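See structure below.
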Amino acid sequence: MKLDPKSTIEAGRAVLGIELGSTRIKAVLIDEENKPIAQGSHTWENQLVDGLWTYSIDAVWNGLQDCYADLRADVQQQYGVEIEKLAAIGVSAMMHGYMAFDKQQEILVPFRTWRNTNTGPAAAKLSELFVFNIPLRWSISHLYQAILNDEPHVSNIDFLTTLAGYVHWQLTGQRVLGIGDASGMLPIDPATKDYSAAMMTKFEQLIASKGYSWKLKDILPRVLMAGEDAGRLTTDGARKLDASGHLKAGIPLCPPEGDAGTGMVATNAVKQRTGNVSAGTSSFSMIVLEKELSRPYEAIDIVTTPDGSPVAMVHCNNCTSDLNAWVNLFKEYQELIGVPVDMNEIYGKLYNLALEGDADCGGLMAYNYFSGEPITGLAEGRPLFVRSATDKFSLANLMRAHLYASVAVLKIGNDILFNDEHIRVDRITGHGGLFKTKGVGQRILAAAINSPISVMETAGEGGAWGIALLGAYLVNNDKQLSLADFLDKQVFAGDAGVEIAPVAEDVAGFNAYIEHYKACLPVEEAAVSCKK
């Protein structure tokens, strides 16, 4: 019998998903039909401290408590009840990065996020050693770079994890990680569904002369597949999450996952020959592979779905931040002349105007690099807008150039998959902030990767909904379905979203833009080299 939302919450049958994203922590409560019934959020920003991007531990817990309090307030306003019990909880966060703790559970150095690009020497050495592309942002790159730098904290490491793994550990006491997030710490062996033993051995041999007391296998979280038991909320964990004290201990948690894994779940893209693109502060595409790639590529990471299938991931550090900054200029202009500001209207009008611009943006060129961009070889970023005196400088072309820039690096990586490796996909689904203005981001992305793009009604729900679905898969999978079948039959039930096919003129225009973009990269490099 289907319960109404109020009864679902009172009976403790709702599932909570929490995701710590780059600019927002979001909580989504779903019912037994996997539909969102309440939500909460908290806005936060990373800080540049001693040259490294970070979030403080205090910011993590203050943000989580504020987000949960916002969810409680939404539940009370809508239904007049208190959250005391839940069927399950799931925690997700920005993937990768570096959180190292000592035996006292104290963090040894500030959290080093995925955004940092200081790990080049380590990533290059490990990629060569493993014969496997090891990205700059992966935890093993951060660890080895700290070793190369002779950082004294390394000898005191007792536990190394990601942000999702850290929060889950504090809520449950369990040092575990979902396989998707774990695959961004150290590569996964597809046969064992665990960290590659061969790579672990090579790493231990590489650092043997350092004489550390720890072994890699002892400091990494235990790898879990979607649907496996990942522990229960402790009394301390309940207090850490719900400062009001109403939430009870004993709630089961699903394995913590990264935002890439939850994006795959939220877009029903865990089957082979499916894919998704997440486009927000950063962007990434995930294509679930039928076969291994012919060789390693620096632009392509091999990770896994939450149930262990190999995935080709193209990860870009920058996406909509610069685009949003330009939109905010028009907000300031409206405020200056006394026109009421409606940000949804500003975005809608500017994005739709972009579609009226020239397919190649009239020659205008933009680089959205707030931070470094490994795929194009930039260790640092400088947002940059470039034009010549003869380019067609119009508002439509300006906006189109910045929309193109938001997915330009993503296109460079995916061109390898589709043009060089001849990967085939049946469906690619988009989600994230770029797609909130109906049809526009979809059409731009379809042009970029020359493939139809679907967007679902739930596109805005994102990873918090995705990790809530993984929580539901843990406790509501009575038929013992695979994750893909659970999503197909019990969550999406045939909903493939609204699809937009690429427009030939747009594809040709984006191809012209991207050649110009690559040719002008020395201008961006010069901007980076000019210290201000």
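Identifiers in the structure tokens: chain A, B, ... in order shown; residue index from 1 per chain; ligand index from 1 in order shown.
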Inset, instruction - Would you please extract all strand (DSSP E or B) residues from segment 97-234 of chain A, as assigned by DSSP on the backbone, and give them as a ChimeraX atom specification? - result: /A:98-101,107,112,159-161,176-178,188-189,194-195,222-224,232
Which neighbours of Asn397 of chain A fall inside 12 Å, counting only C-alpha atoms, when residues of the same chain fewer than 3 positions from it are skipped, and could you give them as a PDB file with C-alpha atoms, in the first residue's frame?
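Okay, result.pdb is ready:
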ATOM      1  CA  LEU A 350      20.590  34.935 -22.561  1.00  0.00           C
ATOM      2  CA  TYR A 351      20.850  31.180 -23.165  1.00  0.00           C
ATOM      3  CA  ASN A 352      18.093  31.197 -25.778  1.00  0.00           C
ATOM      4  CA  LEU A 353      19.609  34.246 -27.463  1.00  0.00           C
ATOM      5  CA  ALA A 354      22.845  32.257 -27.832  1.00  0.00           C
ATOM      6  CA  LEU A 355      21.050  29.870 -30.191  1.00  0.00           C
ATOM      7  CA  GLU A 356      20.524  32.811 -32.561  1.00  0.00           C
ATOM      8  CA  GLY A 357      24.284  33.415 -32.783  1.00  0.00           C
ATOM      9  CA  ASP A 358      26.575  32.178 -35.546  1.00  0.00           C
ATOM     10  CA  ALA A 359      27.267  28.439 -35.382  1.00  0.00           C
ATOM     11  CA  ASP A 360      31.002  29.178 -35.013  1.00  0.00           C
ATOM     12  CA  CYS A 361      30.350  32.074 -32.568  1.00  0.00           C
ATOM     13  CA  GLY A 362      31.441  34.589 -35.181  1.00  0.00           C
ATOM     14  CA  GLY A 363      35.079  33.947 -34.326  1.00  0.00           C
ATOM     15  CA  LEU A 364      34.743  34.836 -30.641  1.00  0.00           C
ATOM     16  CA  MET A 365      36.740  32.630 -28.293  1.00  0.00           C
ATOM     17  CA  ALA A 366      36.455  31.981 -24.540  1.00  0.00           C
ATOM     18  CA  ARG A 387      38.362  38.355 -30.132  1.00  0.00           C
ATOM     19  CA  ASP A 391      35.023  39.048 -35.432  1.00  0.00           C
ATOM     20  CA  LYS A 392      31.246  39.344 -35.186  1.00  0.00           C
ATOM     21  CA  PHE A 393      30.956  40.790 -31.698  1.00  0.00           C
ATOM     22  CA  SER A 394      27.295  40.481 -30.712  1.00  0.00           C
ATOM     23  CA  ARG A 400      27.233  31.203 -27.539  1.00  0.00           C
ATOM     24  CA  ALA A 401      31.029  31.389 -27.197  1.00  0.00           C
ATOM     25  CA  HIS A 402      30.772  31.035 -23.418  1.00  0.00           C
ATOM     26  CA  LEU A 403      28.311  28.144 -23.713  1.00  0.00           C
ATOM     27  CA  TYR A 404      30.671  26.438 -26.154  1.00  0.00           C
ATOM     28  CA  ALA A 405      33.575  27.081 -23.778  1.00  0.00           C
ATOM     29  CA  GLY A 509      30.162  25.328 -36.259  1.00  0.00           C
ATOM     30  CA  TYR A 513      35.197  26.674 -32.971  1.00  0.00           C
TER      31      TYR A 513
END
Legend entry - Near-Leu253 of chain A list (6 Å; only C-alpha atoms; drop same-chain fewer than 6 positions) as a list in words: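 Once the adjacent positions are removed, what remains is Ala88, Ile89, Gly90, Ala230, Gly231 and Arg232 of chain A.
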Filtering to C-alpha atoms, could you give me those residues as a tab-separated table (two decimals), in the first residue's frame?
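For reference, selection_26.tsv as written:
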chain	number	residue	atom	x	y	z
A	88	ALA	CA	18.29	4.25	4.68
A	89	ILE	CA	20.83	7.02	4.19
A	90	GLY	CA	23.37	7.52	1.40
A	230	ALA	CA	27.99	-0.38	4.64
A	231	GLY	CA	27.14	-0.03	8.33
A	232	ARG	CA	24.59	1.81	10.42
Legend entry - Spatial neighbours of Asp189 of chain A, 10 Å, only C-alpha atoms, chain gap at least 6 places, as a ChimeraX atom specification: /A:183,195-199,308,310
Legend entry - Near-Asn34 of chain A list (8 Å; only C-alpha atoms; drop same-chain fewer than 5 positions) as a PyMOL selection string: chain A and resi 469+472+491
Legend entry - Of the listed residues A:Leu481, A:Ala100, A:Ala238, A:Ile375, that which approaches Asn318 of chain A most closely, counting only C-alpha atoms: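 Selected residue with least distance to Asn318 of chain A: A:Ile375.
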Legend entry - For Glu345 of chain A, the nearest of the candidates A:Val109, A:Leu16, A:Thr376, A:Lys438, counting only C-alpha atoms: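 Smallest distance to Glu345 of chain A is found for A:Lys438.
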Legend entry - Nearest candidate to Glu84 of chain A (options A:Val15, A:Leu247, A:Val28, A:Val386; using only C-alpha atoms):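 Nearest candidate to Glu84 of chain A out of A:Val15, A:Leu247, A:Val28, A:Val386: A:Leu247.
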Inset, instruction - Could you check how far atom CA of Pro5 of chain A sits from atom CA of Leu233 of chain A, in Å to one decimal? - result: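 Rounded to one decimal, the two atoms are 22.8 Å apart.
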Inset, instruction - Just the residues within 10 Å of Ser406 of chain A, please, counting only C-alpha atoms, with nothing from its chain fewer than 2 positions along; format it as number ranges by chain. - result: A: 279-283, 316, 318-323, 366-369, 400-404, 408-411, 434, 441, 444-445
Inset, instruction - Name the closest residue to Asn450 of chain A among the candidates A:Leu293, A:Val75, A:Ile428, A:Leu487; distances are taken between atoms, counting only C-alpha atoms. - result: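 Using only C-alpha atoms, Asn450 of chain A sits closest to A:Ile428.
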Inset, instruction - Output as an MDAnalysis selection string all residues of segment 148-384 of chain A that backbone DSSP marks as alpha helix (DSSP H). - result: chainID A and resid 148 163:172 179:182 197:207 216:219 235:241 259:266 321:336 343:354
Inset, instruction - Have a look at atom CA of Asp74 of chain A and atom CA of Gly430 of chain A and let me know their distance in Å, one decimal. - result: 27.5 Å
Inset, instruction - Write out as number ranges by chain which residues come within 9 Å of segment 256-259 of chain A when counting only C-alpha atoms, dropping same-chain ones fewer than 2 positions away. - result: A: 19-21, 90-96, 162-165, 167-168, 176-182, 184, 224, 230, 253-254, 261-264, 306, 462-464, 466-467
Inset, instruction - Choose the residue, out of A:Glu499, A:Glu298, A:Asp158, A:Glu515, that has the smallest atom-to-atom separation from Met99 of chain A; count only C-alpha atoms. - result: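 Under the stated criterion, the closest residue is A:Asp158.
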